[in-house]
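**Q** Below is the structure I would like to discuss, written out as structure tokens.
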Amino acid sequence: MQHISARLIKSLSFSSIPGTTLQEIASSRPKGVAKVVLKKGKTQLFKDGSPMVYSGAVDRIIGRPPPRTGDIVLVADGTEKPIGWGLYNSVSMFCVRLMQLEEEATRDPPCALNMEKLLEARIDAARELRKSLGLPSANTNAYRLVNSEGDRLSGLIVDVFGDLAVIASSAAWVEKYKQEIEACISRIDEINHINWRPSVEILKEEGINLSDLKEMRPSACPERTKVMENGIFYAISLEGQKTGFYADQRENRQFISTISDGQKVLDICCYSGGFALNAARGGAVNVTGVDTSLPALELAKENIVLNNMDPGRISFLREDGAEFMKGALSKNESWDVIIVDPPKLAPRKKVLQSALGMYRTLNSLAMQLTRRGGLLMTCSCSGAMTQSGMFLPTLQGAASMAGRKITVLRQAGAACDHPIDPSYPEGAYLSNILLRVL
């Protein structure tokens, strides 16, 4: 008993003394901490900030019994000296998701090897950042509170819609720490409901059994809610795509409202009408939204009513975007402003080449429908496309197909509450380009 008490006192004392090394803190743990040793030449990549340790970068794992998925592990260089710590996964290509480097742990020992404390600190920091960005505000209560690697919680996304938080899980460790994450979010004063959204296909790759997800307790939160973004109301279904609403396009949607006065506007792949509603609010004389999803279009039509807009000036049609544009071309129709915001066409690098053809075709059709001198806002939410640098060349190819000339007026990414870790470019998804079509 005395021995256990001594080890406990030692552990507590180490965890609160600035300057204590990770090795010292780990050694004070009764069961110790397994160590993931990197291959020669791989250490600097992670010291420079890359948050993902791929299995191919690992030389060996020290620890008996070996670590299990979700366990805290040390990450060490070839000499077995710790460079940081993170969360282990025995089956994912992401062997470890790094949480702190050695220098950070030395400065902040209470969070070192302590996921509960780290979650509190990182979520608090994320909340303070959003406050500094003016979110939520009197005219916007839909925003991203936690953006995975951008807030240094890889695999965790939290979107806030009024008094509701939607938590999207795409990592095994997030499922393991579900209770602790919910506790942190529940402490935020304005949050009254939490909806947990596991990304099933990604979690399968993380080694999570689907049966485990099905056994989770049902959420008591409502299936639908209403939010306001830049003064426009939106109905949200929690059964919808992703978390239910694309807050990353907030600033781009508002920009559309500034260029739509007196214009005829077409919104292809409109989902619940975000761009279309902003165009109408900005004074467009006629707005048409097109999408294949009936539930999304029902939300879009509900949003017309929510915002007291004239249904004679804004309409939504259920049709494939490419087919609609081909039909419009056959009728010699044209628009002053067109938005093309398709779903993720290249979710993986291996399908990028086929996706390039789809992006080229969609944008070529849109360019042909844009009156000469008109504007085309085109978007890609595919990480593989954004990272490849091929989006703009693809648009140039689309212009050649369409027999048009284009000039770039504006390039933008996601809204500022969607921070990106530059050491992990795979986290950058949204690319938004405004073109003048001649």
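Each chain in the structure tokens gets a letter, A, B, ..., in the order shown, and its residues are numbered from 1; ligands are numbered from 1 in order too.
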Please provide the set of residues having any atom within 8 Å of Arg60 in chain A, restricted to only C-alpha atoms, with same-chain residues fewer than 2 positions apart removed, written as a list in words.
**A**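 Selected residues are Val36, Val37, Leu38, Val58 and Ile62 of chain A.
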**Q** Given the selection you just returned, output its residues as a file containing C-alpha atoms, formatted as a short mmCIF file (atom, residue, chain, number, x, y, z; two decimals), in the first residue's frame.
**A**
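part19.cif was written with the following content:
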```cif
data_model
loop_
_atom_site.label_atom_id
_atom_site.label_comp_id
_atom_site.auth_asym_id
_atom_site.auth_seq_id
_atom_site.Cartn_x
_atom_site.Cartn_y
_atom_site.Cartn_z
CA VAL A 36 6.33 4.10 -30.55
CA VAL A 37 9.84 4.45 -31.99
CA LEU A 38 10.20 6.19 -35.36
CA VAL A 58 7.25 3.40 -37.27
CA ILE A 62 8.16 -0.93 -26.99
#
```
**Q** Name all residues at most 10 Å from range 409-412 of chain A (count only C-alpha atoms; drop same-chain ones fewer than 5 positions away) and give them as a PyMOL selection string.
**A** chain A and resi 249+251-252+375-379+430-436
**Q** Provide the CA of Cys95 in chain A to CA of Ile83 in chain A distance in Å, to one decimal place.
**A**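 Distance between the two atoms: 15.5 Å.
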**Q** If I take CA of Leu306 in chain A and CA of Gly134 in chain A, how far is one from the other in Å, to one decimal?
**A** 24.4 Å
**Q** DSSP on the backbone, helix (DSSP H, G or I) only: what residues of range 94-143 of chain A does that give? Format it as a list in words.
**A** Glu102, Glu103, Glu104, Ala105, Thr106, Arg107, Pro109, Pro110, Cys111, Met115, Glu116, Lys117, Leu118, Leu119, Glu120, Ala121, Arg122, Ile123, Asp124, Ala125, Ala126, Arg127, Glu128, Leu129, Arg130, Lys131 and Ser132 of chain A
**Q** Counting only C-alpha atoms, which of A:Pro347, A:Gly389, A:Gly373, A:Gly273 gets nearest to Ser334 in chain A?
**A**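 Closest to Ser334 in chain A, using only C-alpha atoms: A:Gly373.
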**Q** Taking only C-alpha atoms into account, which of A:Ile232, A:Ser237, A:Phe324, A:Gly413 comes nearest Ala279 in chain A?
**A**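 Distance minimum relative to Ala279 in chain A lands on A:Ile232.
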**Q** Using DSSP assignments from the backbone, pull out every residue in range 44-291 of chain A that falls under strand (DSSP E) and give it to me as a count of residues only.
**A** 75
**Q** Closest to Arg250 in chain A among A:Leu22, A:Val75, A:Ala142, A:Leu365, using only C-alpha atoms?
**A** A:Ala142
**Q** Provide the CA of Pro66 in chain A to CA of Ala34 in chain A distance in Å, to one decimal place.
**A** 7.0 Å
**Q** For Lys204 in chain A, work out the shell of residues within 10 Å, counting only C-alpha atoms and skipping chain neighbours fewer than 2 positions away, then give it as a short mmCIF file (atom, residue, chain, number, x, y, z; two decimals) with N, CA and C atoms, in the first residue's frame.
**A**
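around-v1.cif was written with the following content:
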```cif
data_model
loop_
_atom_site.label_atom_id
_atom_site.label_comp_id
_atom_site.auth_asym_id
_atom_site.auth_seq_id
_atom_site.Cartn_x
_atom_site.Cartn_y
_atom_site.Cartn_z
N VAL A 91 -4.80 -0.55 -36.06
CA VAL A 91 -5.21 -0.98 -37.40
C VAL A 91 -5.22 0.14 -38.44
N SER A 92 -5.35 1.38 -38.02
CA SER A 92 -5.43 2.49 -38.96
C SER A 92 -4.07 2.78 -39.59
N SER A 170 -14.58 10.94 -36.31
CA SER A 170 -13.95 10.18 -37.40
C SER A 170 -12.63 9.56 -36.96
N ALA A 171 -12.49 9.30 -35.66
CA ALA A 171 -11.29 8.66 -35.13
C ALA A 171 -11.68 7.78 -33.94
N ALA A 172 -10.97 6.67 -33.80
CA ALA A 172 -11.27 5.73 -32.72
C ALA A 172 -11.13 6.38 -31.35
N SER A 199 -18.81 9.06 -38.13
CA SER A 199 -18.56 8.89 -39.56
C SER A 199 -18.27 7.42 -39.80
N VAL A 200 -19.32 6.66 -40.08
CA VAL A 200 -19.26 5.20 -40.04
C VAL A 200 -18.18 4.62 -40.94
N GLU A 201 -18.10 5.06 -42.20
CA GLU A 201 -17.15 4.47 -43.13
C GLU A 201 -15.70 4.74 -42.70
N ILE A 202 -15.44 5.93 -42.21
CA ILE A 202 -14.08 6.25 -41.75
C ILE A 202 -13.75 5.47 -40.48
N GLU A 206 -10.82 2.76 -38.97
CA GLU A 206 -10.15 2.96 -37.68
C GLU A 206 -10.26 1.73 -36.78
N GLY A 207 -10.97 0.70 -37.27
CA GLY A 207 -11.10 -0.53 -36.49
C GLY A 207 -12.28 -0.56 -35.55
N ILE A 208 -13.21 0.38 -35.70
CA ILE A 208 -14.40 0.42 -34.84
C ILE A 208 -15.46 -0.51 -35.40
N ASN A 209 -16.01 -1.37 -34.57
CA ASN A 209 -17.09 -2.26 -34.98
C ASN A 209 -18.39 -1.48 -35.11
N LEU A 210 -19.11 -1.70 -36.21
CA LEU A 210 -20.38 -1.01 -36.42
C LEU A 210 -21.37 -1.36 -35.32
#
```
**Q** Please, which residues in range 133-249 of chain A fall within 8 Å of range 104-123 of chain A when counting only C-alpha atoms, and what is the closest atom pair and distance in Å to one decimal for each, ordered by chain then residue number, as CSV?
**A**
```
residue,atom,partner,partner_atom,distance
A:Val146,CA,A:Ile123,CA,7.1
A:Asp151,CA,A:Arg122,CA,7.0
A:Arg152,CA,A:Arg122,CA,7.3
A:Leu153,CA,A:Arg122,CA,7.5
A:Glu180,CA,A:Glu116,CA,6.5
A:Ile181,CA,A:Leu119,CA,7.0
A:Cys184,CA,A:Glu120,CA,6.2
A:Ile185,CA,A:Ile123,CA,7.9
```
**Q** Identify which of the residues A:Ala125, A:Leu297, A:Ile259, A:Leu156 lies closest to Ile339 in chain A, counting only C-alpha atoms when measuring atom-to-atom distances.
**A**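 When distances to Ile339 in chain A are compared using only C-alpha atoms, the smallest one comes from A:Ile259.
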**Q** I'd like the neighbourhood of Ala300 in chain A as a PDB file with all heavy atoms, in the first residue's frame, where a residue qualifies if any of its atoms comes within 10 Å (using only C-alpha atoms), though same-chain residues fewer than 3 positions away should be ignored.
**A**
```pdb
ATOM      1  N   TYR A 234     -32.190  29.457 -41.594  1.00  0.00           N
ATOM      2  CA  TYR A 234     -32.107  28.152 -42.271  1.00  0.00           C
ATOM      3  C   TYR A 234     -32.698  27.074 -41.375  1.00  0.00           C
ATOM      4  O   TYR A 234     -32.367  26.997 -40.179  1.00  0.00           O
ATOM      5  CB  TYR A 234     -30.658  27.773 -42.567  1.00  0.00           C
ATOM      6  CG  TYR A 234     -29.942  28.690 -43.518  1.00  0.00           C
ATOM      7  CD1 TYR A 234     -29.289  29.837 -43.049  1.00  0.00           C
ATOM      8  CD2 TYR A 234     -29.895  28.424 -44.879  1.00  0.00           C
ATOM      9  CE1 TYR A 234     -28.613  30.684 -43.910  1.00  0.00           C
ATOM     10  CE2 TYR A 234     -29.223  29.260 -45.755  1.00  0.00           C
ATOM     11  CZ  TYR A 234     -28.587  30.398 -45.261  1.00  0.00           C
ATOM     12  OH  TYR A 234     -27.927  31.237 -46.125  1.00  0.00           O
ATOM     13  N   ALA A 235     -33.529  26.236 -41.963  1.00  0.00           N
ATOM     14  CA  ALA A 235     -33.969  25.020 -41.280  1.00  0.00           C
ATOM     15  C   ALA A 235     -32.900  23.956 -41.504  1.00  0.00           C
ATOM     16  O   ALA A 235     -32.367  23.819 -42.606  1.00  0.00           O
ATOM     17  CB  ALA A 235     -35.309  24.550 -41.846  1.00  0.00           C
ATOM     18  N   ILE A 236     -32.571  23.214 -40.447  1.00  0.00           N
ATOM     19  CA  ILE A 236     -31.534  22.183 -40.525  1.00  0.00           C
ATOM     20  C   ILE A 236     -32.111  20.851 -40.088  1.00  0.00           C
ATOM     21  O   ILE A 236     -32.774  20.759 -39.049  1.00  0.00           O
ATOM     22  CB  ILE A 236     -30.328  22.533 -39.628  1.00  0.00           C
ATOM     23  CG1 ILE A 236     -29.613  23.783 -40.158  1.00  0.00           C
ATOM     24  CG2 ILE A 236     -29.351  21.370 -39.527  1.00  0.00           C
ATOM     25  CD1 ILE A 236     -28.447  24.218 -39.289  1.00  0.00           C
ATOM     26  N   CYS A 270     -27.449  23.032 -55.034  1.00  0.00           N
ATOM     27  CA  CYS A 270     -27.780  24.104 -54.078  1.00  0.00           C
ATOM     28  C   CYS A 270     -27.994  23.632 -52.651  1.00  0.00           C
ATOM     29  O   CYS A 270     -28.082  24.446 -51.740  1.00  0.00           O
ATOM     30  CB  CYS A 270     -29.020  24.854 -54.559  1.00  0.00           C
ATOM     31  SG  CYS A 270     -30.533  23.840 -54.579  1.00  0.00           S
ATOM     32  N   TYR A 271     -28.139  22.322 -52.424  1.00  0.00           N
ATOM     33  CA  TYR A 271     -28.444  21.761 -51.111  1.00  0.00           C
ATOM     34  C   TYR A 271     -29.665  22.485 -50.533  1.00  0.00           C
ATOM     35  O   TYR A 271     -30.721  22.491 -51.136  1.00  0.00           O
ATOM     36  CB  TYR A 271     -27.224  21.812 -50.193  1.00  0.00           C
ATOM     37  CG  TYR A 271     -27.393  21.034 -48.906  1.00  0.00           C
ATOM     38  CD1 TYR A 271     -27.824  19.706 -48.929  1.00  0.00           C
ATOM     39  CD2 TYR A 271     -27.148  21.617 -47.682  1.00  0.00           C
ATOM     40  CE1 TYR A 271     -27.999  18.982 -47.754  1.00  0.00           C
ATOM     41  CE2 TYR A 271     -27.308  20.906 -46.500  1.00  0.00           C
ATOM     42  CZ  TYR A 271     -27.741  19.595 -46.537  1.00  0.00           C
ATOM     43  OH  TYR A 271     -27.925  18.890 -45.374  1.00  0.00           O
ATOM     44  N   SER A 272     -29.545  23.113 -49.354  1.00  0.00           N
ATOM     45  CA  SER A 272     -30.719  23.748 -48.741  1.00  0.00           C
ATOM     46  C   SER A 272     -30.871  25.209 -49.133  1.00  0.00           C
ATOM     47  O   SER A 272     -31.638  25.947 -48.515  1.00  0.00           O
ATOM     48  CB  SER A 272     -30.673  23.615 -47.215  1.00  0.00           C
ATOM     49  OG  SER A 272     -29.513  24.241 -46.684  1.00  0.00           O
ATOM     50  N   GLY A 273     -30.127  25.632 -50.169  1.00  0.00           N
ATOM     51  CA  GLY A 273     -30.369  26.948 -50.751  1.00  0.00           C
ATOM     52  C   GLY A 273     -29.504  28.079 -50.246  1.00  0.00           C
ATOM     53  O   GLY A 273     -29.856  29.244 -50.440  1.00  0.00           O
ATOM     54  N   GLY A 274     -28.366  27.775 -49.650  1.00  0.00           N
ATOM     55  CA  GLY A 274     -27.545  28.823 -49.047  1.00  0.00           C
ATOM     56  C   GLY A 274     -27.165  29.948 -49.995  1.00  0.00           C
ATOM     57  O   GLY A 274     -27.408  31.130 -49.716  1.00  0.00           O
ATOM     58  N   ALA A 276     -28.414  30.509 -53.035  1.00  0.00           N
ATOM     59  CA  ALA A 276     -29.624  31.048 -53.666  1.00  0.00           C
ATOM     60  C   ALA A 276     -30.316  32.065 -52.757  1.00  0.00           C
ATOM     61  O   ALA A 276     -30.742  33.136 -53.216  1.00  0.00           O
ATOM     62  CB  ALA A 276     -30.576  29.904 -54.009  1.00  0.00           C
ATOM     63  N   LEU A 277     -30.436  31.734 -51.480  1.00  0.00           N
ATOM     64  CA  LEU A 277     -31.092  32.647 -50.531  1.00  0.00           C
ATOM     65  C   LEU A 277     -30.304  33.943 -50.389  1.00  0.00           C
ATOM     66  O   LEU A 277     -30.885  35.035 -50.309  1.00  0.00           O
ATOM     67  CB  LEU A 277     -31.234  31.974 -49.170  1.00  0.00           C
ATOM     68  CG  LEU A 277     -32.184  30.766 -49.121  1.00  0.00           C
ATOM     69  CD1 LEU A 277     -31.974  29.977 -47.841  1.00  0.00           C
ATOM     70  CD2 LEU A 277     -33.633  31.219 -49.225  1.00  0.00           C
ATOM     71  N   GLY A 289     -32.473  27.362 -58.017  1.00  0.00           N
ATOM     72  CA  GLY A 289     -31.598  26.402 -57.358  1.00  0.00           C
ATOM     73  C   GLY A 289     -31.896  25.004 -57.863  1.00  0.00           C
ATOM     74  O   GLY A 289     -33.061  24.646 -58.049  1.00  0.00           O
ATOM     75  N   LEU A 294     -34.142  15.346 -52.591  1.00  0.00           N
ATOM     76  CA  LEU A 294     -35.472  15.830 -52.236  1.00  0.00           C
ATOM     77  C   LEU A 294     -35.522  16.394 -50.817  1.00  0.00           C
ATOM     78  O   LEU A 294     -36.077  17.482 -50.609  1.00  0.00           O
ATOM     79  CB  LEU A 294     -36.505  14.706 -52.397  1.00  0.00           C
ATOM     80  CG  LEU A 294     -37.967  15.081 -52.111  1.00  0.00           C
ATOM     81  CD1 LEU A 294     -38.413  16.224 -53.014  1.00  0.00           C
ATOM     82  CD2 LEU A 294     -38.869  13.856 -52.287  1.00  0.00           C
ATOM     83  N   PRO A 295     -34.936  15.729 -49.815  1.00  0.00           N
ATOM     84  CA  PRO A 295     -34.940  16.312 -48.457  1.00  0.00           C
ATOM     85  C   PRO A 295     -34.266  17.680 -48.418  1.00  0.00           C
ATOM     86  O   PRO A 295     -34.742  18.592 -47.719  1.00  0.00           O
ATOM     87  CB  PRO A 295     -34.169  15.284 -47.632  1.00  0.00           C
ATOM     88  CG  PRO A 295     -34.348  13.994 -48.356  1.00  0.00           C
ATOM     89  CD  PRO A 295     -34.367  14.362 -49.806  1.00  0.00           C
ATOM     90  N   ALA A 296     -33.162  17.842 -49.150  1.00  0.00           N
ATOM     91  CA  ALA A 296     -32.481  19.139 -49.170  1.00  0.00           C
ATOM     92  C   ALA A 296     -33.356  20.206 -49.798  1.00  0.00           C
ATOM     93  O   ALA A 296     -33.440  21.342 -49.308  1.00  0.00           O
ATOM     94  CB  ALA A 296     -31.161  19.021 -49.932  1.00  0.00           C
ATOM     95  N   LEU A 297     -34.046  19.870 -50.886  1.00  0.00           N
ATOM     96  CA  LEU A 297     -34.911  20.837 -51.556  1.00  0.00           C
ATOM     97  C   LEU A 297     -36.120  21.198 -50.708  1.00  0.00           C
ATOM     98  O   LEU A 297     -36.595  22.338 -50.752  1.00  0.00           O
ATOM     99  CB  LEU A 297     -35.351  20.288 -52.909  1.00  0.00           C
ATOM    100  CG  LEU A 297     -34.238  20.151 -53.948  1.00  0.00           C
ATOM    101  CD1 LEU A 297     -34.745  19.450 -55.193  1.00  0.00           C
ATOM    102  CD2 LEU A 297     -33.662  21.523 -54.307  1.00  0.00           C
ATOM    103  N   ASN A 303     -36.988  27.306 -46.310  1.00  0.00           N
ATOM    104  CA  ASN A 303     -36.185  28.494 -46.024  1.00  0.00           C
ATOM    105  C   ASN A 303     -36.717  29.734 -46.723  1.00  0.00           C
ATOM    106  O   ASN A 303     -36.554  30.855 -46.234  1.00  0.00           O
ATOM    107  CB  ASN A 303     -34.721  28.246 -46.414  1.00  0.00           C
ATOM    108  CG  ASN A 303     -34.049  27.233 -45.511  1.00  0.00           C
ATOM    109  OD1 ASN A 303     -34.456  27.041 -44.362  1.00  0.00           O
ATOM    110  ND2 ASN A 303     -33.006  26.584 -46.013  1.00  0.00           N
ATOM    111  N   ILE A 304     -37.364  29.565 -47.877  1.00  0.00           N
ATOM    112  CA  ILE A 304     -38.008  30.705 -48.543  1.00  0.00           C
ATOM    113  C   ILE A 304     -39.068  31.302 -47.631  1.00  0.00           C
ATOM    114  O   ILE A 304     -39.144  32.525 -47.443  1.00  0.00           O
ATOM    115  CB  ILE A 304     -38.652  30.261 -49.877  1.00  0.00           C
ATOM    116  CG1 ILE A 304     -37.594  29.791 -50.867  1.00  0.00           C
ATOM    117  CG2 ILE A 304     -39.463  31.416 -50.480  1.00  0.00           C
ATOM    118  CD1 ILE A 304     -38.176  29.238 -52.169  1.00  0.00           C
ATOM    119  N   VAL A 305     -39.856  30.422 -47.023  1.00  0.00           N
ATOM    120  CA  VAL A 305     -40.939  30.861 -46.130  1.00  0.00           C
ATOM    121  C   VAL A 305     -40.364  31.483 -44.861  1.00  0.00           C
ATOM    122  O   VAL A 305     -40.832  32.535 -44.395  1.00  0.00           O
ATOM    123  CB  VAL A 305     -41.864  29.675 -45.786  1.00  0.00           C
ATOM    124  CG1 VAL A 305     -42.962  30.110 -44.809  1.00  0.00           C
ATOM    125  CG2 VAL A 305     -42.473  29.091 -47.057  1.00  0.00           C
ATOM    126  N   LEU A 306     -39.332  30.825 -44.289  1.00  0.00           N
ATOM    127  CA  LEU A 306     -38.719  31.329 -43.055  1.00  0.00           C
ATOM    128  C   LEU A 306     -38.232  32.769 -43.209  1.00  0.00           C
ATOM    129  O   LEU A 306     -38.261  33.550 -42.259  1.00  0.00           O
ATOM    130  CB  LEU A 306     -37.536  30.450 -42.656  1.00  0.00           C
ATOM    131  CG  LEU A 306     -37.818  29.141 -41.919  1.00  0.00           C
ATOM    132  CD1 LEU A 306     -36.517  28.382 -41.685  1.00  0.00           C
ATOM    133  CD2 LEU A 306     -38.506  29.424 -40.576  1.00  0.00           C
ATOM    134  N   SER A 315     -36.821  29.879 -56.900  1.00  0.00           N
ATOM    135  CA  SER A 315     -37.431  28.559 -57.049  1.00  0.00           C
ATOM    136  C   SER A 315     -36.351  27.487 -56.969  1.00  0.00           C
ATOM    137  O   SER A 315     -35.167  27.743 -57.246  1.00  0.00           O
ATOM    138  CB  SER A 315     -38.183  28.448 -58.378  1.00  0.00           C
ATOM    139  OG  SER A 315     -37.293  28.643 -59.470  1.00  0.00           O
ATOM    140  N   PHE A 316     -36.775  26.273 -56.591  1.00  0.00           N
ATOM    141  CA  PHE A 316     -35.851  25.150 -56.468  1.00  0.00           C
ATOM    142  C   PHE A 316     -36.383  23.960 -57.257  1.00  0.00           C
ATOM    143  O   PHE A 316     -37.575  23.630 -57.180  1.00  0.00           O
ATOM    144  CB  PHE A 316     -35.666  24.768 -55.000  1.00  0.00           C
ATOM    145  CG  PHE A 316     -34.971  25.831 -54.194  1.00  0.00           C
ATOM    146  CD1 PHE A 316     -35.684  26.693 -53.361  1.00  0.00           C
ATOM    147  CD2 PHE A 316     -33.594  25.992 -54.282  1.00  0.00           C
ATOM    148  CE1 PHE A 316     -35.050  27.679 -52.635  1.00  0.00           C
ATOM    149  CE2 PHE A 316     -32.946  26.989 -53.561  1.00  0.00           C
ATOM    150  CZ  PHE A 316     -33.666  27.826 -52.729  1.00  0.00           C
TER     151      PHE A 316
END
```
**Q** Can you pull out every residue within 9 Å of Val285 in chain A, counting only C-alpha atoms, but drop anything in the same chain fewer than 3 positions away, and send it as a list in words?
**A** Ser260, Asp261, Gly262, Gln263, Lys264, Val265, Ala280, Arg313 and Ile314 of chain A
**Q** Would you save the residues from that selection as an mmCIF file, in the first residue's frame, using C-alpha atoms?
**A**
```
data_model
loop_
_atom_site.group_PDB
_atom_site.id
_atom_site.type_symbol
_atom_site.label_atom_id
_atom_site.label_comp_id
_atom_site.auth_asym_id
_atom_site.auth_seq_id
_atom_site.Cartn_x
_atom_site.Cartn_y
_atom_site.Cartn_z
ATOM 1 C CA SER A 260 -26.444 39.681 -57.126
ATOM 2 C CA ASP A 261 -28.400 42.941 -57.233
ATOM 3 C CA GLY A 262 -30.492 43.030 -60.403
ATOM 4 C CA GLN A 263 -28.976 39.748 -61.634
ATOM 5 C CA LYS A 264 -30.385 36.448 -62.850
ATOM 6 C CA VAL A 265 -28.742 33.747 -60.696
ATOM 7 C CA ALA A 280 -32.269 36.711 -53.379
ATOM 8 C CA ARG A 313 -38.358 35.309 -57.578
ATOM 9 C CA ILE A 314 -36.704 32.184 -56.136
#
```
